[in-house]
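Input: a single structure, listed below in structure tokens.
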Amino acid sequence: MDIEFSLAMPRDAIGIPMVRRVLGDALRSLGVTEGCVSDILLATSEACTNAVRHGGPVNRYEVMATIGHGRCELRIVDCGLGLETIPKQYPPSDVENGRGILIMRAVVDEISFDITPGQGTTVRLRKELDWDEDAIAHHLTLAGQLAGV
């Protein structure tokens, strides 16, 4: 059994805290460690920020989350022009932008991009979950009672 949800958000920075709240509450309620939750939320915030900044001309983007099988998988989809290049190193310290993708890479286990020039970008994030010692979801998973979580 997987937990799945999606959020269709306005392409405005005001929606990013809402995405963080919904996703963070879901992970915490299952007993995911705060460090793991923080990493997932940081990567998600960076992906959402890119969708807000570069996802036009459409005024919405979508966040789809699946939590199950000991991991969290996210897709952030926008309808922008698509990425031209993916940075391989951090920009100089005096440059304001260009760190988001590298930050995402540093805090999740897997990141990939589906880019269709002129039609949009899908950012896929995946992280194996770390559990609090008393997490019911983790204990049920170990006992085979909640196979998806």
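Naming scheme: A, B, ... for chains in displayed order of the structure tokens; residues 1 onward per chain; ligands 1 onward as shown.
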Spatial neighbours of Glu128 in chain A, 8 Å, only C-alpha atoms, chain gap at least 4 places, as a short mmCIF file (atom, residue, chain, number, x, y, z; two decimals) with N, CA and C atoms, in the first residue's frame:
```
data_model
loop_
_atom_site.label_atom_id
_atom_site.label_comp_id
_atom_site.auth_asym_id
_atom_site.auth_seq_id
_atom_site.Cartn_x
_atom_site.Cartn_y
_atom_site.Cartn_z
N GLY A 70 9.55 1.95 1.69
CA GLY A 70 10.72 2.51 2.36
C GLY A 70 11.34 3.71 1.69
N ARG A 71 10.62 4.34 0.79
CA ARG A 71 11.19 5.51 0.11
C ARG A 71 10.10 6.53 -0.21
N CYS A 72 10.56 7.72 -0.54
CA CYS A 72 9.68 8.81 -0.99
C CYS A 72 10.11 9.16 -2.41
N ASP A 109 18.74 10.61 -2.94
CA ASP A 109 19.48 9.47 -3.45
C ASP A 109 19.51 9.42 -4.97
#
```
(Q) Give me, as a PyMOL selection string, all polymer residues having an atom no more than 6 Å from range 6-21 of chain A, counting only C-alpha atoms and skipping those fewer than 5 positions away in the same chain. (A) chain A and resi 41+52+59-64
Q) Hey, what does DSSP flag as helix (DSSP H, G or I) within chain A? Can you give it to me as an NGL selection string? A) :A and (13-30 or 34-54 or 100-107 or 136-142)
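Nearest-residue note for Asp130 in chain A: choosing from A:Val22, A:Ala43, A:Gly56, A:His69, the minimum distance belongs to A:His69, counting only C-alpha atoms.
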Spatial neighbours of Arg105 in chain A, max dist 9 Å, only C-alpha atoms, sep filter under 5 positions, as a compact mmCIF listing (two decimals) with all heavy atoms, in the first residue's frame:
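Result went into result-v9.txt, see below:
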```txt
# COMPACT_ATOMS: atom_id res chain seq x y z
N ALA A 43 15.04 19.54 -1.08
CA ALA A 43 15.06 19.21 -2.50
C ALA A 43 13.74 19.60 -3.17
O ALA A 43 13.73 20.14 -4.28
CB ALA A 43 15.34 17.72 -2.69
N GLY A 100 20.41 25.31 -7.28
CA GLY A 100 19.28 24.45 -6.88
C GLY A 100 19.43 23.00 -7.27
O GLY A 100 19.21 22.10 -6.46
N GLU A 110 18.42 9.86 -5.60
CA GLU A 110 18.34 9.87 -7.06
C GLU A 110 17.61 11.12 -7.52
O GLU A 110 16.64 11.55 -6.90
CB GLU A 110 17.56 8.65 -7.57
CG GLU A 110 18.23 7.32 -7.33
CD GLU A 110 17.38 6.16 -7.82
OE1 GLU A 110 16.73 6.30 -8.88
OE2 GLU A 110 17.37 5.13 -7.14
N ILE A 111 18.08 11.66 -8.62
CA ILE A 111 17.41 12.80 -9.26
C ILE A 111 17.51 12.59 -10.76
O ILE A 111 18.53 12.14 -11.27
CB ILE A 111 18.03 14.15 -8.83
CG1 ILE A 111 17.29 15.33 -9.48
CG2 ILE A 111 19.51 14.19 -9.13
CD1 ILE A 111 17.73 16.70 -8.96
N LEU A 125 12.56 13.08 -7.96
CA LEU A 125 13.40 12.97 -6.77
C LEU A 125 13.05 11.67 -6.06
O LEU A 125 11.88 11.32 -5.95
CB LEU A 125 13.15 14.14 -5.82
CG LEU A 125 13.29 15.55 -6.39
CD1 LEU A 125 12.77 16.58 -5.40
CD2 LEU A 125 14.74 15.83 -6.75
```
(Q) Give me, as a PyMOL selection string, the residues of range 8-140 of chain A that a backbone DSSP run labels strand (DSSP E or B). (A) chain A and resi 8-10+32+60-68+71-78+110-116+120-128+131
With C-alpha atoms retained, export the selected residues as a short mmCIF file (atom, residue, chain, number, x, y, z; two decimals), in the first residue's frame.
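selection.cif was written with the following content:
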```
data_model
loop_
_atom_site.label_atom_id
_atom_site.label_comp_id
_atom_site.auth_asym_id
_atom_site.auth_seq_id
_atom_site.Cartn_x
_atom_site.Cartn_y
_atom_site.Cartn_z
CA ALA A 8 -1.75 21.44 -8.39
CA MET A 9 -0.17 24.72 -7.36
CA PRO A 10 -0.26 28.25 -8.71
CA VAL A 32 10.38 9.46 9.22
CA ARG A 60 0.35 26.15 -12.60
CA TYR A 61 2.71 23.34 -11.74
CA GLU A 62 2.09 19.97 -10.13
CA VAL A 63 3.74 18.05 -7.31
CA MET A 64 3.09 14.31 -7.13
CA ALA A 65 4.30 12.28 -4.17
CA THR A 66 4.46 8.55 -3.50
CA ILE A 67 5.56 7.29 -0.10
CA GLY A 68 6.01 3.55 0.11
CA ARG A 71 11.19 5.51 0.11
CA CYS A 72 9.68 8.81 -0.99
CA GLU A 73 9.39 9.56 -4.69
CA LEU A 74 8.40 12.97 -5.99
CA ARG A 75 7.67 14.41 -9.40
CA ILE A 76 7.52 18.17 -9.90
CA VAL A 77 6.05 18.98 -13.31
CA ASP A 78 5.93 22.34 -15.06
CA GLU A 110 18.34 9.87 -7.06
CA ILE A 111 17.41 12.80 -9.26
CA SER A 112 16.44 12.79 -12.91
CA PHE A 113 14.91 15.14 -15.42
CA ASP A 114 12.44 14.54 -18.22
CA ILE A 115 12.77 17.56 -20.47
CA THR A 116 10.65 18.29 -23.51
CA GLY A 120 8.08 21.46 -19.83
CA THR A 121 10.25 19.70 -17.32
CA THR A 122 9.59 16.90 -14.87
CA VAL A 123 11.99 16.67 -11.96
CA ARG A 124 12.04 13.25 -10.29
CA LEU A 125 13.40 12.97 -6.77
CA ARG A 126 13.83 9.76 -4.79
CA LYS A 127 15.08 9.23 -1.26
CA GLU A 128 15.23 6.13 0.91
CA TRP A 131 12.81 5.93 10.44
#
```
